[in-house]
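Participant: Structure file my_file.tsv (TSV, C-alpha atoms) right here:
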chain	number	residue	atom	x	y	z
A	1	MET	CA	0.00	0.00	0.00
A	2	LYS	CA	2.74	2.38	1.00
A	3	LYS	CA	4.74	1.48	-2.11
A	4	GLN	CA	1.81	2.15	-4.36
A	5	PHE	CA	1.47	5.54	-2.73
A	6	ILE	CA	5.16	6.36	-3.34
A	7	VAL	CA	4.87	5.45	-7.02
A	8	PHE	CA	1.63	7.35	-7.40
A	9	ILE	CA	3.15	10.47	-5.84
A	10	SER	CA	6.19	10.08	-8.10
A	11	ILE	CA	4.06	9.88	-11.25
A	12	VAL	CA	2.10	12.95	-10.23
A	13	SER	CA	5.21	14.95	-9.36
A	14	LEU	CA	6.99	13.93	-12.58
A	15	ILE	CA	4.04	15.09	-14.66
A	16	LEU	CA	3.72	18.30	-12.66
A	17	LEU	CA	7.42	18.96	-13.07
A	18	PHE	CA	7.12	18.43	-16.80
A	19	VAL	CA	4.17	20.81	-17.12
A	20	LEU	CA	5.96	23.36	-14.96
A	21	GLY	CA	9.04	23.07	-17.17
A	22	VAL	CA	6.94	23.58	-20.29
A	23	ASN	CA	5.38	26.74	-18.90
A	24	LEU	CA	8.68	28.07	-17.63
A	25	TYR	CA	10.36	27.42	-20.96
A	26	LYS	CA	7.55	29.02	-22.93
A	27	SER	CA	7.34	32.17	-20.81
A	28	GLN	CA	11.11	32.50	-20.95
A	29	ARG	CA	11.03	32.13	-24.72
A	30	ALA	CA	8.23	34.68	-25.10
A	31	LYS	CA	10.28	37.10	-23.01
A	32	ASN	CA	13.32	36.58	-25.20
A	33	TYR	CA	11.32	37.21	-28.34
A	34	GLY	CA	9.84	40.34	-26.83
A	35	PHE	CA	13.36	41.56	-26.20
A	36	LEU	CA	14.38	40.68	-29.75
A	37	ALA	CA	11.33	42.47	-31.14
A	38	GLN	CA	12.24	45.66	-29.31
A	39	GLU	CA	15.96	45.65	-29.86
A	40	ASN	CA	16.08	44.14	-33.27
A	41	ALA	CA	12.90	44.79	-35.18
A	42	SER	CA	14.70	44.25	-38.47
A	43	THR	CA	15.10	40.55	-37.67
A	44	PHE	CA	11.34	40.31	-38.10
A	45	VAL	CA	10.85	42.79	-40.94
A	46	ARG	CA	13.54	43.64	-43.48
A	47	ASP	CA	13.29	46.63	-45.80
A	48	TYR	CA	12.86	44.37	-48.79
A	49	SER	CA	10.18	42.19	-47.18
A	50	GLN	CA	6.88	42.05	-49.03
A	51	SER	CA	4.00	43.27	-46.91
A	52	LEU	CA	0.27	43.68	-47.22
A	53	GLY	CA	-2.02	46.03	-45.35
A	54	SER	CA	-2.05	49.57	-44.07
A	55	ASP	CA	1.14	51.18	-42.75
A	56	ASP	CA	-0.92	52.46	-39.80
A	57	ALA	CA	-1.71	48.91	-38.73
A	58	LYS	CA	-0.60	48.20	-35.19
A	59	VAL	CA	-0.61	44.42	-35.40
A	60	TYR	CA	2.29	43.06	-37.38
A	61	LEU	CA	1.81	39.50	-38.52
A	62	VAL	CA	5.09	38.06	-39.75
A	63	LYS	CA	4.85	34.77	-41.63
A	64	PHE	CA	7.94	32.72	-42.37
A	65	SER	CA	6.77	30.58	-45.24
A	66	ASP	CA	7.82	28.24	-47.99
A	67	PRO	CA	5.96	28.24	-51.32
A	68	ALA	CA	6.28	24.44	-51.45
A	69	CYS	CA	4.93	23.86	-47.93
A	70	GLU	CA	1.41	22.42	-47.77
A	71	THR	CA	0.60	23.88	-44.37
A	72	CYS	CA	1.63	27.34	-45.59
A	73	ALA	CA	-0.79	26.95	-48.48
A	74	ALA	CA	-3.50	25.79	-46.09
A	75	PHE	CA	-2.94	28.84	-43.86
A	76	HIS	CA	-2.95	31.30	-46.75
A	77	PRO	CA	-6.76	31.72	-47.05
A	78	PHE	CA	-7.08	31.75	-43.26
A	79	VAL	CA	-4.64	34.64	-42.94
A	80	LYS	CA	-6.36	36.50	-45.77
A	81	LYS	CA	-9.70	36.11	-44.02
A	82	LEU	CA	-8.20	37.28	-40.74
A	83	MET	CA	-6.97	40.41	-42.51
A	84	ALA	CA	-10.29	41.02	-44.23
A	85	VAL	CA	-12.19	40.81	-40.94
A	86	ASN	CA	-9.80	43.28	-39.28
A	87	GLN	CA	-9.31	45.60	-42.20
A	88	GLY	CA	-6.54	48.18	-41.79
A	89	LYS	CA	-5.47	46.83	-38.42
A	90	ILE	CA	-3.15	44.02	-39.52
A	91	LYS	CA	-0.02	44.24	-41.58
A	92	LEU	CA	1.11	40.96	-43.06
A	93	VAL	CA	4.83	40.52	-43.73
A	94	ILE	CA	6.04	37.57	-45.79
A	95	ARG	CA	9.47	36.13	-44.97
A	96	TYR	CA	11.00	33.09	-46.58
A	97	ALA	CA	12.02	29.83	-44.98
A	98	PRO	CA	12.29	27.55	-48.03
A	99	PHE	CA	13.05	24.33	-46.13
A	100	HIS	CA	11.71	21.98	-48.81
A	101	ASP	CA	14.26	20.71	-51.31
A	102	GLY	CA	14.34	23.01	-54.30
A	103	ALA	CA	11.89	25.50	-52.80
A	104	ASP	CA	14.34	28.34	-53.55
A	105	TYR	CA	13.23	28.05	-57.14
A	106	PHE	CA	9.70	29.19	-56.31
A	107	VAL	CA	10.85	31.97	-54.03
A	108	LYS	CA	12.91	33.26	-56.95
A	109	ILE	CA	9.87	33.18	-59.24
A	110	LEU	CA	7.86	35.01	-56.60
A	111	GLU	CA	10.49	37.71	-56.12
A	112	ALA	CA	10.80	38.11	-59.88
A	113	ALA	CA	7.02	38.50	-60.11
A	114	LYS	CA	7.25	41.22	-57.47
A	115	ARG	CA	9.23	43.30	-59.99
A	116	GLN	CA	6.22	43.12	-62.27
A	117	GLY	CA	3.91	44.17	-59.46
A	118	LYS	CA	2.21	40.79	-59.40
A	119	TYR	CA	3.43	39.43	-56.08
A	120	TRP	CA	0.14	38.51	-54.42
A	121	GLU	CA	-1.43	37.20	-57.62
A	122	THR	CA	1.58	34.93	-58.10
A	123	LEU	CA	1.54	33.77	-54.49
A	124	ASP	CA	-2.14	32.84	-54.89
A	125	ILE	CA	-1.34	30.84	-58.02
A	126	LEU	CA	1.61	29.11	-56.34
A	127	TYR	CA	-0.47	27.96	-53.40
A	128	LYS	CA	-3.48	27.01	-55.48
A	129	THR	CA	-1.50	24.85	-57.90
A	130	GLN	CA	1.00	23.57	-55.35
A	131	ARG	CA	-0.20	19.95	-55.41
A	132	HIS	CA	0.62	19.77	-59.13
A	133	TRP	CA	4.30	20.62	-58.80
A	134	ALA	CA	5.29	20.06	-55.16
A	135	SER	CA	4.43	16.42	-54.58
A	136	HIS	CA	6.80	14.98	-52.02
A	137	HIS	CA	7.36	11.78	-53.93
A	138	ASN	CA	7.71	13.36	-57.30
A	139	PRO	CA	8.36	17.12	-57.31
A	140	GLN	CA	8.07	18.63	-60.76
A	141	PRO	CA	9.12	22.27	-60.47
A	142	GLN	CA	8.93	22.86	-64.23
A	143	ARG	CA	5.18	22.32	-64.17
A	144	ILE	CA	4.73	25.69	-62.46
A	145	TRP	CA	5.33	27.47	-65.76
A	146	LYS	CA	2.02	26.14	-67.09
A	147	PHE	CA	0.16	27.98	-64.36
A	148	LEU	CA	2.09	31.26	-64.20
A	149	PRO	CA	0.46	32.98	-67.18
A	150	SER	CA	-2.85	33.15	-65.30
A	151	ALA	CA	-1.20	35.62	-62.90
A	152	GLY	CA	-0.62	37.91	-65.89
A	153	LEU	CA	3.16	37.59	-65.82
A	154	ASP	CA	5.74	38.24	-68.51
A	155	LEU	CA	7.39	34.82	-68.38
A	156	GLU	CA	10.48	35.76	-70.36
A	157	LYS	CA	11.23	38.53	-67.91
A	158	ILE	CA	10.64	36.18	-64.97
A	159	ARG	CA	13.20	33.74	-66.34
A	160	ILE	CA	15.80	36.50	-66.50
A	161	ASP	CA	14.95	38.26	-63.23
A	162	MET	CA	14.78	35.11	-61.10
A	163	ASN	CA	18.51	34.54	-61.54
A	164	ASP	CA	19.40	37.95	-60.14
A	165	PRO	CA	21.89	37.41	-57.28
A	166	GLU	CA	19.99	40.05	-55.27
A	167	ILE	CA	17.16	37.54	-54.87
A	168	GLY	CA	19.63	34.91	-53.65
A	169	LYS	CA	20.80	37.38	-51.01
A	170	ILE	CA	17.23	37.96	-49.85
A	171	ILE	CA	16.77	34.21	-49.38
A	172	GLN	CA	20.03	33.92	-47.45
A	173	GLN	CA	19.11	36.82	-45.17
A	174	ASP	CA	15.64	35.42	-44.52
A	175	LEU	CA	17.06	32.00	-43.71
A	176	ALA	CA	19.57	33.59	-41.35
A	177	ASP	CA	16.77	35.51	-39.59
A	178	ALA	CA	14.67	32.34	-39.41
A	179	LYS	CA	17.56	30.66	-37.63
A	180	THR	CA	17.95	33.57	-35.22
A	181	LEU	CA	14.24	33.43	-34.42
A	182	ASN	CA	14.31	29.66	-34.04
A	183	VAL	CA	11.93	28.99	-36.93
A	184	ARG	CA	12.45	25.32	-37.73
A	185	LYS	CA	9.10	24.54	-39.30
A	186	THR	CA	6.88	26.43	-41.69
A	187	PRO	CA	4.76	28.42	-41.48
A	188	GLY	CA	6.40	30.25	-38.59
A	189	PHE	CA	4.21	33.06	-37.28
A	190	PHE	CA	5.07	36.06	-35.14
A	191	VAL	CA	2.44	38.54	-34.04
A	192	ASN	CA	4.15	41.76	-32.95
A	193	GLY	CA	7.23	39.67	-32.27
A	194	LYS	CA	5.41	37.00	-30.26
A	195	PRO	CA	5.55	33.38	-31.43
A	196	LEU	CA	2.50	31.11	-31.32
A	197	PRO	CA	2.25	29.34	-27.93
A	198	SER	CA	1.43	26.19	-29.89
A	199	PHE	CA	0.73	25.64	-33.55
A	200	GLY	CA	-2.77	25.89	-34.97
A	201	TYR	CA	-5.46	28.07	-36.54
A	202	GLU	CA	-7.15	28.93	-33.27
A	203	GLN	CA	-3.89	29.77	-31.55
A	204	LEU	CA	-3.04	32.20	-34.34
A	205	GLN	CA	-6.45	33.80	-34.19
A	206	GLU	CA	-6.26	34.13	-30.41
A	207	LEU	CA	-2.81	35.70	-30.50
A	208	VAL	CA	-3.90	38.20	-33.16
A	209	GLU	CA	-7.02	39.04	-31.17
A	210	SER	CA	-5.11	39.52	-27.93
A	211	GLU	CA	-2.75	41.95	-29.68
A	212	MET	CA	-5.77	43.63	-31.24
A	213	ARG	CA	-7.29	44.21	-27.80
A	214	LYS	CA	-4.07	45.86	-26.68
A	215	TYR	CA	-4.03	48.47	-29.41
A	216	TYR	CA	-7.62	49.01	-30.53
B	1	MET	CA	11.91	-12.68	9.08
B	2	LYS	CA	12.25	-8.99	9.69
B	3	ILE	CA	15.74	-8.88	8.16
B	4	LYS	CA	14.52	-10.60	5.04
B	5	ASP	CA	11.73	-8.08	4.74
B	6	LYS	CA	14.19	-5.22	4.90
B	7	ALA	CA	16.31	-6.81	2.19
B	8	SER	CA	13.40	-7.18	-0.20
B	9	ASN	CA	12.50	-3.55	0.48
B	10	SER	CA	15.92	-2.42	-0.75
B	11	ASP	CA	15.53	-4.61	-3.82
B	12	TRP	CA	12.23	-2.95	-4.53
B	13	THR	CA	13.84	0.47	-4.08
B	14	ILE	CA	16.51	-0.37	-6.63
B	15	ILE	CA	13.89	-1.09	-9.28
B	16	PHE	CA	12.00	1.98	-8.16
B	17	ILE	CA	15.10	4.13	-8.78
B	18	CYS	CA	15.53	2.49	-12.18
B	19	TRP	CA	11.96	3.40	-12.97
B	20	ILE	CA	12.51	7.01	-11.89
B	21	VAL	CA	15.66	7.25	-14.03
B	22	SER	CA	13.91	5.90	-17.12
B	23	SER	CA	10.86	8.11	-16.56
B	24	VAL	CA	12.95	11.24	-16.17
B	25	SER	CA	14.92	10.32	-19.31
B	26	THR	CA	11.75	9.69	-21.28
B	27	LEU	CA	10.10	12.93	-20.21
B	28	GLY	CA	13.35	14.79	-20.72
B	29	SER	CA	13.78	13.54	-24.27
B	30	LEU	CA	10.14	14.39	-25.00
B	31	PHE	CA	10.78	17.88	-23.63
B	32	PHE	CA	13.74	18.34	-25.97
B	33	SER	CA	11.84	17.19	-29.04
B	34	GLU	CA	8.28	18.39	-28.43
B	35	ILE	CA	8.74	21.56	-26.40
B	36	MET	CA	12.16	22.84	-27.41
B	37	GLU	CA	11.54	21.41	-30.89
B	38	LEU	CA	15.02	19.99	-31.26
B	39	PRO	CA	14.59	17.34	-33.95
B	40	PRO	CA	15.79	13.90	-32.76
B	41	CYS	CA	18.41	12.40	-35.07
B	42	ALA	CA	18.46	8.73	-36.14
B	43	LEU	CA	20.74	7.66	-33.28
B	44	CYS	CA	18.54	9.50	-30.78
B	45	TRP	CA	15.60	7.49	-32.04
B	46	TYR	CA	17.37	4.18	-31.50
B	47	GLN	CA	18.13	5.18	-27.93
B	48	ARG	CA	14.51	6.20	-27.42
B	49	VAL	CA	13.34	2.85	-28.72
B	50	PHE	CA	15.23	1.16	-25.88
B	51	MET	CA	14.51	3.74	-23.17
B	52	PHE	CA	10.75	4.34	-23.48
B	53	PRO	CA	9.64	0.73	-22.88
B	54	LEU	CA	11.75	0.54	-19.71
B	55	VAL	CA	9.33	2.93	-18.02
B	56	ILE	CA	6.51	0.42	-18.44
B	57	ILE	CA	8.62	-2.67	-17.77
B	58	PHE	CA	10.02	-1.33	-14.50
B	59	LEU	CA	6.58	-0.20	-13.37
B	60	ILE	CA	5.20	-3.70	-13.95
B	61	GLY	CA	8.14	-5.20	-12.04
B	62	LEU	CA	7.29	-3.07	-9.00
B	63	PHE	CA	3.79	-4.47	-8.39
B	64	PRO	CA	4.29	-7.03	-7.08
B	65	PHE	CA	8.06	-7.01	-6.93
B	66	ASP	CA	9.32	-9.41	-9.58
B	67	LYS	CA	13.00	-10.27	-9.71
B	68	SER	CA	12.75	-11.59	-13.27
B	69	ILE	CA	12.53	-7.93	-14.27
B	70	ILE	CA	16.33	-8.07	-14.62
B	71	LYS	CA	16.01	-10.66	-17.36
B	72	TYR	CA	13.73	-8.38	-19.39
B	73	ALA	CA	15.13	-4.95	-18.64
B	74	LEU	CA	18.87	-5.60	-18.79
B	75	PRO	CA	19.09	-6.52	-22.51
B	76	LEU	CA	17.14	-3.39	-23.47
B	77	ALA	CA	19.36	-1.23	-21.30
B	78	LEU	CA	22.54	-2.80	-22.67
B	79	VAL	CA	21.59	-2.28	-26.32
B	80	GLY	CA	20.46	1.27	-25.54
B	81	TRP	CA	23.75	1.87	-23.79
B	82	GLY	CA	25.58	0.68	-26.91
B	83	PHE	CA	23.82	3.26	-29.06
B	84	ALA	CA	24.36	5.96	-26.46
B	85	PHE	CA	28.06	5.17	-26.22
B	86	TYR	CA	28.46	5.23	-29.99
B	87	HIS	CA	26.54	8.50	-30.15
B	88	TYR	CA	28.70	9.94	-27.41
B	89	LEU	CA	31.90	9.01	-29.26
B	90	LEU	CA	30.51	10.58	-32.41
B	91	TYR	CA	29.52	13.73	-30.57
B	92	SER	CA	32.81	14.21	-28.83
B	93	GLY	CA	34.72	13.59	-32.03
B	94	PHE	CA	36.38	10.26	-31.22
B	95	ILE	CA	34.74	8.84	-34.32
B	96	PRO	CA	35.30	11.03	-37.38
B	97	GLU	CA	32.25	12.65	-38.87
B	98	SER	CA	32.78	11.08	-42.28
B	99	ILE	CA	31.58	7.70	-41.10
B	100	GLN	CA	28.49	8.89	-39.25
B	101	PRO	CA	25.40	6.97	-40.29
B	102	CYS	CA	22.90	9.82	-40.71
B	103	SER	CA	23.77	12.45	-43.25
B	104	GLN	CA	20.39	13.71	-44.38
B	105	GLY	CA	18.03	15.75	-42.29
B	106	VAL	CA	19.36	16.03	-38.78
B	107	SER	CA	23.02	15.61	-38.03
B	108	CYS	CA	23.94	13.22	-35.23
B	109	SER	CA	27.14	15.05	-34.43
B	110	GLU	CA	26.01	18.66	-34.38
B	111	THR	CA	25.69	19.97	-30.85
B	112	TYR	CA	22.25	21.41	-30.23
B	113	LEU	CA	22.28	21.69	-26.51
B	114	ASP	CA	24.98	22.26	-23.97
B	115	LEU	CA	23.77	22.33	-20.38
B	116	PHE	CA	26.16	24.00	-17.96
B	117	GLY	CA	28.84	23.86	-20.62
B	118	PHE	CA	29.51	20.12	-20.53
B	119	LEU	CA	26.24	18.16	-20.42
B	120	THR	CA	25.11	17.23	-23.92
B	121	ILE	CA	22.05	15.17	-24.80
B	122	PRO	CA	24.02	12.00	-25.74
B	123	MET	CA	25.88	12.30	-22.46
B	124	LEU	CA	22.62	12.48	-20.51
B	125	SER	CA	21.45	9.38	-22.34
B	126	LEU	CA	24.70	7.56	-21.60
B	127	ILE	CA	24.46	8.48	-17.92
B	128	SER	CA	20.86	7.21	-17.70
B	129	PHE	CA	21.58	3.88	-19.39
B	130	SER	CA	24.74	3.40	-17.31
B	131	THR	CA	22.89	4.09	-14.07
B	132	ILE	CA	20.16	1.61	-14.94
B	133	ILE	CA	22.68	-1.09	-15.92
B	134	VAL	CA	24.76	-0.64	-12.76
B	135	LEU	CA	21.66	-0.79	-10.57
B	136	LEU	CA	20.40	-3.90	-12.31
B	137	PHE	CA	23.77	-5.65	-11.87
B	138	ILE	CA	23.80	-4.71	-8.18
B	139	LEU	CA	20.32	-6.20	-7.82
B	140	LYS	CA	21.39	-9.33	-9.66
B	141	ARG	CA	24.29	-9.86	-7.26
B	142	ARG	CA	22.13	-9.24	-4.23
B	143	LEU	CA	19.54	-11.74	-5.38
B	144	SER	CA	22.02	-14.47	-6.28
B	145	LYS	CA	23.53	-14.38	-2.79
Step by step, read the file and then write its structure as structure tokens.
Facilitator:
Amino acid sequence: MKKQFIVFISIVSLILLFVLGVNLYKSQRAKNYGFLAQENASTFVRDYSQSLGSDDAKVYLVKFSDPACETCAAFHPFVKKLMAVNQGKIKLVIRYAPFHDGADYFVKILEAAKRQGKYWETLDILYKTQRHWASHHNPQPQRIWKFLPSAGLDLEKIRIDMNDPEIGKIIQQDLADAKTLNVRKTPGFFVNGKPLPSFGYEQLQELVESEMRKYY
Amino acid sequence: MKIKDKASNSDWTIIFICWIVSSVSTLGSLFFSEIMELPPCALCWYQRVFMFPLVIIFLIGLFPFDKSIIKYALPLALVGWGFAFYHYLLYSGFIPESIQPCSQGVSCSETYLDLFGFLTIPMLSLISFSTIIVLLFILKRRLSK
């Protein structure tokens, strides 16, 4: 009887200790990010970073994404809806973390499309057609060219622009920032410099709403 | 009679400590991978394969105390220790990186965590497996007396 009690107490204390550790680690991490956000805002938003939304917006939603990542594609409409509901209050910043093999290729196309003023149209096309070219078993990057004309792009110019070393530098810088911010999976979200407590649609919505309550 | 009772109590305690060590190791490794999001490399997985079941096996051996637990737990601990030792050698550079088994994805030799400047994850694993093995051998000797 006594032994059972000892083991029971041990199980409970081990679990409690674990939960305590999780909370401690998470609050510590949130604090660190807050510090980073204040001291080093450029780690979250670079001058070249593509953004959407009003400059007066007080909630900055930074998304580290990969054009070839399925979850990023799945989150794309959700983020757009979130922005539509809170019009003018959210600024979306796209950063790159092309972790999939060969995903650089699509970032380059996207950045080249930016020079034609068709960034968001191209991003929509990339995500919508992703399953056709980004299959994990059989990636076929060349297939993307079939879909690009519907974004109204000058394909010849894209082919030239995408090889500009400037774009390579952007990718390198974004990857370096992703490493600094401990982004290991995509999409990696930061709302005013705060990471998601855990990954998911609701968690993102809650974090955005809590920041919204602070400023509006 | 009383002396014998005391002896069996210490035997029970030894298994209890083994169970605590394996539980702490299991929860610790889950903390590293799930909370700190450090991806476990291939070698880490092999060590986990031999550490996680020990939690259950030791717990079963506690109620009621069953000395045959040694027979079941020791082989697992020994194989796990082998992986941990190999991983430790790889980590500390005794085995050159060129012959490491996992090249894609997560590196087995890159240091992700350094507690207090000297405690690395493979070292923690090695310490856990070693402790369990030593305790089990002590118990074996006590029981064969």
Participant: Would you be able to write out as an mmCIF file with C-alpha atoms, in the coordinates of the input which residues have an atom within 6 Å of (13.5, 31.6, -29.1) in the file's coordinates, counting only C-alpha atoms?
Facilitator:
data_model
loop_
_atom_site.group_PDB
_atom_site.id
_atom_site.type_symbol
_atom_site.label_atom_id
_atom_site.label_comp_id
_atom_site.auth_asym_id
_atom_site.auth_seq_id
_atom_site.Cartn_x
_atom_site.Cartn_y
_atom_site.Cartn_z
ATOM 1 C CA ARG A 29 11.030 32.130 -24.720
ATOM 2 C CA LEU A 181 14.240 33.430 -34.420
ATOM 3 C CA ASN A 182 14.310 29.660 -34.040
#
Participant: Find the residue from B:Met51, B:Cys18, B:Ile127, B:Leu62 that sits nearest to chain A; use all atoms listed in the file when measuring.
Facilitator: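 Smallest distance to chain A is found for B:Leu62.
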Participant: Considering only C-alpha atoms, return as a PyMOL selection string whatever protein or nucleic-acid residues lie within 10 Å of His87 (chain B), sequence-local ones (same chain, fewer than 2 positions apart) excluded.
Facilitator: chain B and resi 43-44+47+81-85+89-93+95+100+108-109+121-123+125-126
Participant: What gap, in Å, lies between CA of Lys67 (chain B) and CA of Leu14 (chain A)?
Facilitator: 25.1 Å
Participant: Name all residues at most 10 Å from Gln142 (chain A) (count only C-alpha atoms; drop same-chain ones fewer than 4 positions away) and give them as an MDAnalysis selection string.
Facilitator: chainID A and resid 105 133 146
Participant: One number please: CA of Pro67 (chain A) to CA of Glu211 (chain A), in Å, one decimal.
Facilitator: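 CA of Pro67 (chain A) sits 27.1 Å away from CA of Glu211 (chain A).
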Participant: With 9 Å as the limit and counting all atoms listed in the file, what residues in chain A lie close to chain B? Please list them as a PyMOL selection string.
Facilitator: chain A and resi 3-4+7+10-11+14-15+18+21-22+25-26+184
Participant: Hey, what's within 7 Å of Ala112 (chain A) if we count all atoms listed in the file and toss same-chain stuff fewer than 4 positions away? As a list of chain:residue names, please?
Facilitator: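 Contacts, with the query itself left out: A:Lys108, A:Ile158, A:Asp161, A:Met162.
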Participant: How about saving the chosen residues, C-alpha atoms kept, as an mmCIF file, in the frame of the given file?
Facilitator:
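File written: out-v3.cif
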data_model
loop_
_atom_site.group_PDB
_atom_site.id
_atom_site.type_symbol
_atom_site.label_atom_id
_atom_site.label_comp_id
_atom_site.auth_asym_id
_atom_site.auth_seq_id
_atom_site.Cartn_x
_atom_site.Cartn_y
_atom_site.Cartn_z
ATOM 1 C CA LYS A 108 12.910 33.260 -56.950
ATOM 2 C CA ILE A 158 10.640 36.180 -64.970
ATOM 3 C CA ASP A 161 14.950 38.260 -63.230
ATOM 4 C CA MET A 162 14.780 35.110 -61.100
#
Participant: So what do you get for CA of Pro53 (chain B) versus CA of Ala77 (chain B), distance-wise?
Facilitator: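 Atom-to-atom, CA of Pro53 (chain B) and CA of Ala77 (chain B) are spaced 10.0 Å apart.
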Participant: Leaving out region 191-206 of chain A and any residue of its chain fewer than 5 positions from it, which residues lie within 8 Å of it when counting all atoms listed in the file, given as a compact mmCIF listing (two decimals) with C-alpha atoms, in the frame of the given file?
Facilitator:
# COMPACT_ATOMS: atom_id res chain seq x y z
CA LYS A 26 7.55 29.02 -22.93
CA ALA A 30 8.23 34.68 -25.10
CA TYR A 33 11.32 37.21 -28.34
CA GLY A 34 9.84 40.34 -26.83
CA LEU A 36 14.38 40.68 -29.75
CA ALA A 37 11.33 42.47 -31.14
CA PHE A 44 11.34 40.31 -38.10
CA VAL A 59 -0.61 44.42 -35.40
CA TYR A 60 2.29 43.06 -37.38
CA LEU A 61 1.81 39.50 -38.52
CA VAL A 62 5.09 38.06 -39.75
CA PHE A 75 -2.94 28.84 -43.86
CA PHE A 78 -7.08 31.75 -43.26
CA LEU A 82 -8.20 37.28 -40.74
CA GLU A 211 -2.75 41.95 -29.68
Participant: Taking into account all atoms listed in the file, which residue in the set A:Leu175, A:Asp47, A:Asp164, A:Cys72 is nearest to Leu126 (chain A)?
Facilitator: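 Among the listed residues, the smallest separation from Leu126 (chain A) belongs to A:Cys72.
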Participant: A:Asp174, A:Leu17, A:Glu156, A:Ile6: which is nearest Gln50 (chain A), counting all atoms listed in the file?
Facilitator: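 So, comparing all the options, the nearest one is A:Asp174.
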Participant: Compute the distance from (-3.0, 49.8, -29.2) to each atom, counting only C-alpha atoms, keep the residues with any atom at most 12 Å away, and return them as a VMD selection string; use the coordinates of the file.
Facilitator: chain A and resid 56 to 60 89 to 90 192 209 to 216
Participant: Give me the residues near Lys128 (chain A) as a PDB file with C-alpha atoms, in the coordinates of the input, where near means some atom within 12 Å (using only C-alpha atoms) and where sequence neighbours in that chain fewer than 6 positions away do not count.
Facilitator:
ATOM      1  CA  PRO A  67       5.960  28.240 -51.320  1.00  0.00           C
ATOM      2  CA  ALA A  68       6.280  24.440 -51.450  1.00  0.00           C
ATOM      3  CA  CYS A  69       4.930  23.860 -47.930  1.00  0.00           C
ATOM      4  CA  GLU A  70       1.410  22.420 -47.770  1.00  0.00           C
ATOM      5  CA  CYS A  72       1.630  27.340 -45.590  1.00  0.00           C
ATOM      6  CA  ALA A  73      -0.790  26.950 -48.480  1.00  0.00           C
ATOM      7  CA  ALA A  74      -3.500  25.790 -46.090  1.00  0.00           C
ATOM      8  CA  PHE A  75      -2.940  28.840 -43.860  1.00  0.00           C
ATOM      9  CA  HIS A  76      -2.950  31.300 -46.750  1.00  0.00           C
ATOM     10  CA  PRO A  77      -6.760  31.720 -47.050  1.00  0.00           C
ATOM     11  CA  GLU A 121      -1.430  37.200 -57.620  1.00  0.00           C
ATOM     12  CA  THR A 122       1.580  34.930 -58.100  1.00  0.00           C
ATOM     13  CA  ALA A 134       5.290  20.060 -55.160  1.00  0.00           C
ATOM     14  CA  ILE A 144       4.730  25.690 -62.460  1.00  0.00           C
ATOM     15  CA  PHE A 147       0.160  27.980 -64.360  1.00  0.00           C
ATOM     16  CA  LEU A 148       2.090  31.260 -64.200  1.00  0.00           C
ATOM     17  CA  SER A 150      -2.850  33.150 -65.300  1.00  0.00           C
ATOM     18  CA  ALA A 151      -1.200  35.620 -62.900  1.00  0.00           C
TER      19      ALA A 151
END
Participant: Between B:Phe137, B:Phe50, B:Phe65, B:Phe32, which is the closest to Gly80 (chain B) once you count all atoms listed in the file?
Facilitator: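 Once distances to Gly80 (chain B) are computed over all atoms listed in the file, the minimum belongs to B:Phe50.
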Participant: Name the closest residue to Thr71 (chain A) among the candidates A:Pro149, A:Gln130, A:Asn163, A:Phe5; distances are taken between atoms, counting only C-alpha atoms.
Facilitator: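 The answer is A:Gln130, which sits nearest to Thr71 (chain A).
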